[in-house]
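Q: Quick one: the structure is below, questions incoming.
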Amino acid sequence: MEKFKKGFKLFIGVLLMPIMFSVFVADRLVVVPFVWLKTESLMQWLRKNDMIVESVIRVTFALVVLLIFKLIF
């Protein structure tokens with residue numbers, strides 16, 4: 001059972017890595033104008049759940065603003 005759990009975690013990690021990397025890169029693009037915000041490396045970012053949540057919120061907010069802008073114009 002432990003071998004199955006370890007393999008399952010590896011499988012999920014491989015599936016989620018492209019998504020997490022995309023969120024990381026998108027967050028860095030959103031944060032570029034905000035020079036006062038501290039930026040971490042990818043590995044430090046992946047280890048801290050609160051940073052991931054903040055990034056997802058920033059990227060989601062930026063996408064919502066972009067979609068509203070596109071709907072208006």
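By order in the structure tokens, chains are A, B, ...; within a chain, residues start at 1; ligands start at 1, following the order shown.
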Need the shell around region 18-35 of chain A: protein/DNA/RNA residues with any atom at most 7 Å away, counting only C-alpha atoms. Skip same-chain ones fewer than 6 positions apart. Format as a list in words?

A: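 Counting only the stated atoms, we get Ser55, Val56, Arg58 and Val59 of chain A.
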
Q: For CA of Glu54 (chain A) and CA of Leu42 (chain A), determine how far apart the two atoms are, in Å to one decimal place.

A: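 Answer for the CA of Glu54 (chain A) to CA of Leu42 (chain A) separation: 14.2 Å.
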
Q: Just list as number ranges by chain whatever in chain A DSSP marks as alpha helix (DSSP H).

A: A: 2-31, 42-47, 49-72

Q: Rounded to one decimal place, report the CA of Met17 (chain A)-CA of Ile68 (chain A) distance in Å.

A: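 If I compute the distance from CA of Met17 (chain A) to CA of Ile68 (chain A), I get 28.9 Å.
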